[in-house]
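Written out below as structure tokens is the structure these notes cover.
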Amino acid sequence: MTSFNWKIAGAAGEGIKKAGLIFAKTCFKHGLSVHGYTEYPSLIRGGHNTFQIHASSEDIFSPSFKLDLLVGLHEKSSQLHQDEITDKTITLYDNLPLAKLVKQAGGTPQMKNMVALGASCFLLGLSLDKLNQTLAEIFAKKGQEIVQANHQVSQAGYDYAQKNFKAKAKQPIPLKPEGKNKIFITGNQALSYGAIAGGMKLYAAYPMTPATSILHTLAAKAKPANIIVRHAEDEIGTANMAIGAGFAGVRSMVATSGGGFSLMTEALGLSGITETPLVIVNAMRPGPASGMPTWSSQGDLLYAIHASQDEFPRIVITPGDPQECFQLSKLAQNLAEKYQLPIIILTDKYLGESYFTIDKPQPKHQNQRYGLADTKNLANDQPFKRYQDTNTGVSPRSLPGQSGGVHLCNSYEHDELGYATELAEERTKQVNKRAKKTSQILKDPDFVNPILYGPKNSQQTLISWGSNKGIILEAIKELKNTNFIHFPIVWPFPSHKFEQLTQNSKKLITLECNSTGQLNQLIQQQTCLKIENQILKYDGRPFFPEEIVEKLTSH
Amino acid sequence: MTNQSGHKRTTAIQPTWCPGCGNFGILGALKQTLDKLKLEPHQFSLVYDVGCSSNMADFVYSYGFHGLHGRTLPVAAGIKLANHKLPVIAIIGDGGCFGEGLTHLVTLARGNHDILVISHDNYLYSLTTGQMSPTTKKGTKTPSTPDGSIEEAYNPIASALINHATFVARGFAGDIPHLANLIEQGLNHQGFALLDVLQPCVTYNKEMTYDWYRKNIYDLQKQNHQPSDKKAALAKALETEKLPVGLFFQKQKPAYHQQIPNFSDTPLAHQDISNIDISSLL
């Protein structure tokens, strides 16, 4: 055995996520690759919360379904997780007397989860010292007394398990020293740091699950990162504010989920026609309308590609893991400025709020500025040709305050100077000018084409986008003769590269978390390739590797 | 088309407003102020909403951003945060400012964002041919309210006052020197400034003409009103029979950007992003 799968379940308000995170960090200290996945309802108290940890001596990229150890603080836990339990699963329910042990150890009732963590350490062959180190770090601000009490409580759990459950203990998995070049991070955190690395200076947001932790991350880092974070009046305000900052030369970003993205749609078009850089993150959740706020979905792909009235170029980025969240969020800041257009980054609750173990991002980041005109030698009494027709469709840009660059940035259709026009010829010229950007983007050396994982030639090829990446990578470890194509950027659609990758494929299968197969439809629309096989899931949960393996082997 | 200040203020495009439109007076007062303050066309930014007022975008020679209906105030605030050295003036109508975009107005006022909002208040939606607006008096018959409007009129001045705007004034498009003086004060004010401008719509509002306004307004500053007195300002704002014009209220208070911890004097737009080190964040 090289991995284990642990879960804690209980009522909202019982500190499930906190306990899960402490245990995850403890696993990380053992040099393990750790994945943390949490499920919770849109409530502050009550309901059923879970946090599950898949930890391995080898790199792992996803949660796993069948449990090795389940801690159930809630009377319904055994029922609710019946499917995840096998005859080898250790279950800790009433057999671990949390309240009694806490009391005996001199702790407070809030510390009862730490009994369960102590017991878990024993049962999985983990070091209690490493749990205690984590507790010391987490509770350092609360003082030595609290740390000490937590240590006593975790010890009580460890000792109780050693005394009573010794026969159940799992064979320990190989452990290593903590990986100094690794980081334990969520997709939302990685995306936030990537934006900072890409020169984002203004972030405006209105809280909406599951994008809210981007706001929290950036607000907490605003001072050291030297950026401005504003919690604004609504999503319409955030998007328009970001566009104003973009017009004035500042790289900016907004993030929300589907409902907020719907509100931003008019501003998306504003960015399109004014050719003002804008990066919007849509962390997807099941919809429509309020939908299922704390669950995951990939239902907004075609919406992101088509949102807003009429037509204009845009980029839709679909990172698959926190590494790509970081890298592509940084890239989005650069491409939005380079092509003067809106970029939508599609993540989801699973990717945004799950924890992954990845290589630490590089500390130093270089950024180039794009398209900024030097106007100091131009007359200051003539409007600057902000929308000059060029071969690439990208026009030089001047910023307010700059002599010689005076112009109007216009949401109305406009001429090359920016002034409103309704002339047929001017209208057609500007539509064509904007549209030229699309072919430039596809040729850009920084554009990230679809990537093939696994053997070059296989019996079957899985095709997906966004957060399914890690789960499919886990699944193809088990599947014979299967490779996988992942799209980190879906729009503009990289037809050429996709056709190259699939030219020798024997059987293609798309996998998506939506009910109509949106990537599948897009592939057909863009390449005339009709893919008959697709696996779809739209119950708010991510795929689990096991279910992909089962679906593909039972065919 | 330069003028006595030597700075070009207008484009080659002729205004498309109806002859006699109040927007001419507001544009005239704005140009006068810009001349007086010797602001060159590149040294400030105008931001325009959508409506008759905001069609000014094509006629003024300066940096400008012509945004969406009701949504231009957050654009203005974004420009200011990006480059706080630039004066930012928003041109907006009563529909966009007090109807579709009211949330933005109230929130930016509460935050004391350093922008001057000039609301061209003609009590109607004129570009869409004269329907009622938020400031239309209850009972007014318009194409969308043929039996008379049911809603009570929105009170821009009172609302700005109770929502912590630090500069609240009302001008009249038919008195350019008076209006130019208010624009100047508003531009010099550090923080959120609302300047509501009474403006006749000569095409769709035949009752509230220039003459009607001249008979129904009076100058606050000639009545010894103290702009530091918020309660007195609110009492004046609630007068609807005769409409006071002039400076209702002004208070010195740090602007939004000045209240951001560690706010750098170098505008965000001028900060170097060529080398970014994130090691302290991870």
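Labels for the structure tokens follow display order: chains A, B, ..., residues from 1 in each chain, ligands from 1.
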- Query: What residues in chain A lie within 7 Å of chain B, counting only C-alpha atoms, written as JSON, numbers by chain?
  - Reply: {"A": [197, 199, 201, 221, 223, 233, 237, 240, 241, 242, 243, 244, 245, 248, 249, 250, 363, 364, 365, 366, 367, 368, 381, 400, 401, 402, 403, 406, 407, 408, 409, 410, 411, 419, 420]}
- Find the spatial neighbours of Glu239 (chain B), counting only C-alpha atoms, within a cut-off of 12 Å - ignore same-chain residues fewer than 3 positions away - and output them as number ranges by chain. B: 155, 157-158, 216-218, 220, 232-236, 242-245
The selected residues should be written to file as a PDB file, in the first residue's frame (atoms: C-alpha atoms).
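To be explicit, this is the file written out as part.pdb:
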ATOM      1  CA  ASN B 155     -34.409  63.077  -3.823  1.00  0.00           C
ATOM      2  CA  ILE B 157     -29.547  65.748  -2.637  1.00  0.00           C
ATOM      3  CA  ALA B 158     -31.074  64.273   0.513  1.00  0.00           C
ATOM      4  CA  ASN B 216     -38.601  78.232  -8.811  1.00  0.00           C
ATOM      5  CA  ILE B 217     -34.977  78.255  -7.685  1.00  0.00           C
ATOM      6  CA  TYR B 218     -33.091  80.362  -5.192  1.00  0.00           C
ATOM      7  CA  LEU B 220     -28.518  78.992  -0.940  1.00  0.00           C
ATOM      8  CA  ALA B 232     -29.449  72.405   7.791  1.00  0.00           C
ATOM      9  CA  ALA B 233     -28.365  70.953   4.447  1.00  0.00           C
ATOM     10  CA  LEU B 234     -30.826  68.102   4.846  1.00  0.00           C
ATOM     11  CA  ALA B 235     -33.633  70.534   5.702  1.00  0.00           C
ATOM     12  CA  LYS B 236     -32.806  72.471   2.541  1.00  0.00           C
ATOM     13  CA  LYS B 242     -38.806  76.239  -4.305  1.00  0.00           C
ATOM     14  CA  LEU B 243     -35.564  74.496  -5.186  1.00  0.00           C
ATOM     15  CA  PRO B 244     -32.395  75.725  -3.491  1.00  0.00           C
ATOM     16  CA  VAL B 245     -29.267  75.784  -5.670  1.00  0.00           C
TER      17      VAL B 245
END
- With a distance cut-off of 7 Å and only C-alpha atoms, select the neighbouring residues of region 195-204 of chain B, excluding the residue or stretch itself and same-chain residues fewer than 6 positions from it, and output the selection as a PyMOL selection string. chain B and resi 20-22+117-122+126+130+168-173+210
- Item | Met114 (chain A) surroundings by only C-alpha atoms, 7 Å radius, close-in-sequence under 4 positions cut, as a PyMOL selection string | chain A and resi 118+150+153-154
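Rounded to one decimal, CA of His496 (chain A) and CA of Pro319 (chain A) lie 20.1 Å from each other.
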- Item | Those of region 53-129 of chain B in DSSP strand (DSSP E or B), formatted as a VMD selection string | chain B and resid 60 63 to 66 88 to 93 116 to 121 124 to 125
Writing out the chosen residues with N, CA and C atoms as a CSV table (one decimal), in the first residue's frame:
chain,number,residue,atom,x,y,z
B,60,VAL,N,-16.3,66.5,-26.6
B,60,VAL,CA,-15.3,67.1,-25.7
B,60,VAL,C,-13.9,66.5,-26.1
B,63,TYR,N,-9.2,62.9,-22.5
B,63,TYR,CA,-9.4,61.5,-22.3
B,63,TYR,C,-10.8,61.2,-21.8
B,64,GLY,N,-11.4,60.2,-22.4
B,64,GLY,CA,-12.8,59.9,-22.0
B,64,GLY,C,-13.1,58.4,-22.1
B,65,PHE,N,-14.1,58.0,-21.3
B,65,PHE,CA,-14.5,56.6,-21.4
B,65,PHE,C,-16.0,56.7,-21.4
B,66,HIS,N,-16.6,56.2,-22.5
B,66,HIS,CA,-18.1,56.2,-22.7
B,66,HIS,C,-18.6,54.8,-22.3
B,88,VAL,N,-11.1,63.0,-12.0
B,88,VAL,CA,-12.0,62.2,-12.8
B,88,VAL,C,-13.4,62.8,-12.6
B,89,ILE,N,-14.0,63.0,-13.7
B,89,ILE,CA,-15.4,63.7,-13.7
B,89,ILE,C,-16.4,62.7,-14.4
B,90,ALA,N,-17.5,62.4,-13.8
B,90,ALA,CA,-18.5,61.5,-14.4
B,90,ALA,C,-19.6,62.4,-14.9
B,91,ILE,N,-20.0,62.2,-16.2
B,91,ILE,CA,-21.1,62.8,-16.8
B,91,ILE,C,-22.2,61.8,-16.9
B,92,ILE,N,-23.4,62.1,-16.2
B,92,ILE,CA,-24.4,61.0,-16.1
B,92,ILE,C,-25.8,61.7,-16.0
B,93,GLY,N,-26.8,61.0,-16.5
B,93,GLY,CA,-28.2,61.6,-16.4
B,93,GLY,C,-28.9,61.1,-15.2
B,116,LEU,N,-15.9,63.5,-9.2
B,116,LEU,CA,-16.9,64.5,-9.3
B,116,LEU,C,-18.0,63.9,-10.2
B,117,VAL,N,-19.2,63.8,-9.6
B,117,VAL,CA,-20.3,63.3,-10.4
B,117,VAL,C,-21.2,64.4,-10.8
B,118,ILE,N,-21.4,64.7,-12.1
B,118,ILE,CA,-22.3,65.7,-12.6
B,118,ILE,C,-23.5,65.0,-13.1
B,119,SER,N,-24.6,65.1,-12.3
B,119,SER,CA,-25.8,64.5,-12.8
B,119,SER,C,-26.7,65.5,-13.6
B,120,HIS,N,-26.9,65.2,-14.8
B,120,HIS,CA,-27.7,66.1,-15.7
B,120,HIS,C,-29.1,65.7,-15.4
B,121,ASP,N,-29.8,66.5,-14.6
B,121,ASP,CA,-31.1,66.0,-14.0
B,121,ASP,C,-32.2,66.8,-14.7
B,124,LEU,N,-36.4,63.3,-16.7
B,124,LEU,CA,-36.9,62.4,-17.7
B,124,LEU,C,-35.9,61.5,-18.3
B,125,TYR,N,-36.3,60.5,-19.0
B,125,TYR,CA,-35.5,59.7,-19.9
B,125,TYR,C,-35.7,60.3,-21.3
- Query: Looking only at the backbone, which of the residues in region 31-138 of chain B does DSSP tag as alpha helix (DSSP H), as a PyMOL selection string?
  - Reply: chain B and resi 31-36+72-82+94-95+102-111
- Message: Could you tell me how far CA of Lys25 (chain A) sits from CA of Val115 (chain A), in Å to one decimal place?
- Response: 16.4 Å
Contacts of Leu511 (chain A) at 9 Å or less, counting only C-alpha atoms, minus same-chain residues fewer than 4 places along, as a PDB file with C-alpha atoms, in the first residue's frame?
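Full text of out10.pdb as output:
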ATOM      1  CA  LEU A 462     -10.253  10.423 -23.103  1.00  0.00           C
ATOM      2  CA  ILE A 463     -10.865  14.110 -23.809  1.00  0.00           C
ATOM      3  CA  SER A 464     -11.697  16.687 -21.161  1.00  0.00           C
ATOM      4  CA  TRP A 465     -11.117  20.225 -19.894  1.00  0.00           C
ATOM      5  CA  ASN A 468     -11.215  16.752 -14.430  1.00  0.00           C
ATOM      6  CA  ILE A 472      -8.476  11.432 -15.208  1.00  0.00           C
ATOM      7  CA  GLY A 517     -21.550  17.500 -23.281  1.00  0.00           C
ATOM      8  CA  LEU A 519     -16.966  20.379 -25.094  1.00  0.00           C
ATOM      9  CA  ASN A 520     -18.254  17.486 -27.168  1.00  0.00           C
ATOM     10  CA  ASN A 533     -18.931   8.304 -26.582  1.00  0.00           C
ATOM     11  CA  GLN A 534     -19.238  10.636 -23.664  1.00  0.00           C
ATOM     12  CA  ILE A 535     -19.311  10.312 -19.908  1.00  0.00           C
ATOM     13  CA  LEU A 536     -21.230  13.038 -18.143  1.00  0.00           C
ATOM     14  CA  LYS A 537     -21.816  13.802 -14.488  1.00  0.00           C
TER      15      LYS A 537
END
- Atomic separation - CA of Ile273 (chain A) relative to CA of Leu27 (chain B), Å: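 Taking CA of Leu27 (chain B) as the start and CA of Ile273 (chain A) as the end point, the length is 26.4 Å.
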- Task: Show which residues sit within 10 Å of Leu302 (chain A), as a list in words. Count only C-alpha atoms, and ignore same-chain residues fewer than 3 positions away.
- Result: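 Close residues of Leu302 (chain A): Gln298, Gly299, Ile305, His306, Ala307, Val316, Val490, Trp491, Gly517, Gln518, Leu519, Gln521 and Leu522 of chain A.
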Take the residues that were just selected and, keeping N, CA and C atoms, output them as a PDB file, in the first residue's frame.
ATOM      1  N   GLN A 298     -19.423  21.937 -14.318  1.00  0.00           N
ATOM      2  CA  GLN A 298     -18.764  22.489 -15.511  1.00  0.00           C
ATOM      3  C   GLN A 298     -19.834  22.869 -16.530  1.00  0.00           C
ATOM      4  N   GLY A 299     -20.880  23.508 -16.033  1.00  0.00           N
ATOM      5  CA  GLY A 299     -22.024  23.806 -16.900  1.00  0.00           C
ATOM      6  C   GLY A 299     -21.930  25.112 -17.656  1.00  0.00           C
ATOM      7  N   ILE A 305     -18.164  31.123 -23.489  1.00  0.00           N
ATOM      8  CA  ILE A 305     -17.716  31.388 -24.859  1.00  0.00           C
ATOM      9  C   ILE A 305     -18.668  32.354 -25.565  1.00  0.00           C
ATOM     10  N   HIS A 306     -19.953  32.312 -25.194  1.00  0.00           N
ATOM     11  CA  HIS A 306     -20.943  33.106 -25.933  1.00  0.00           C
ATOM     12  C   HIS A 306     -21.550  34.258 -25.149  1.00  0.00           C
ATOM     13  N   ALA A 307     -21.264  34.398 -23.865  1.00  0.00           N
ATOM     14  CA  ALA A 307     -21.937  35.416 -23.050  1.00  0.00           C
ATOM     15  C   ALA A 307     -21.781  36.803 -23.667  1.00  0.00           C
ATOM     16  N   VAL A 316     -11.063  31.899 -23.360  1.00  0.00           N
ATOM     17  CA  VAL A 316     -11.632  31.143 -22.239  1.00  0.00           C
ATOM     18  C   VAL A 316     -10.610  30.100 -21.798  1.00  0.00           C
ATOM     19  N   VAL A 490      -9.804  26.559 -23.918  1.00  0.00           N
ATOM     20  CA  VAL A 490     -10.809  26.001 -24.828  1.00  0.00           C
ATOM     21  C   VAL A 490     -11.158  26.980 -25.953  1.00  0.00           C
ATOM     22  N   TRP A 491     -11.019  28.292 -25.656  1.00  0.00           N
ATOM     23  CA  TRP A 491     -11.402  29.280 -26.672  1.00  0.00           C
ATOM     24  C   TRP A 491     -10.369  30.392 -26.761  1.00  0.00           C
ATOM     25  N   GLY A 517     -22.819  17.716 -22.587  1.00  0.00           N
ATOM     26  CA  GLY A 517     -21.550  17.500 -23.281  1.00  0.00           C
ATOM     27  C   GLY A 517     -21.126  18.731 -24.065  1.00  0.00           C
ATOM     28  N   GLN A 518     -20.796  19.800 -23.353  1.00  0.00           N
ATOM     29  CA  GLN A 518     -20.547  21.077 -24.023  1.00  0.00           C
ATOM     30  C   GLN A 518     -19.248  21.087 -24.830  1.00  0.00           C
ATOM     31  N   LEU A 519     -18.208  20.445 -24.310  1.00  0.00           N
ATOM     32  CA  LEU A 519     -16.966  20.379 -25.094  1.00  0.00           C
ATOM     33  C   LEU A 519     -17.195  19.482 -26.311  1.00  0.00           C
ATOM     34  N   GLN A 521     -19.928  19.080 -27.939  1.00  0.00           N
ATOM     35  CA  GLN A 521     -20.644  19.878 -28.950  1.00  0.00           C
ATOM     36  C   GLN A 521     -19.693  20.833 -29.667  1.00  0.00           C
ATOM     37  N   LEU A 522     -18.817  21.429 -28.877  1.00  0.00           N
ATOM     38  CA  LEU A 522     -17.894  22.417 -29.434  1.00  0.00           C
ATOM     39  C   LEU A 522     -16.926  21.761 -30.429  1.00  0.00           C
TER      40      LEU A 522
END
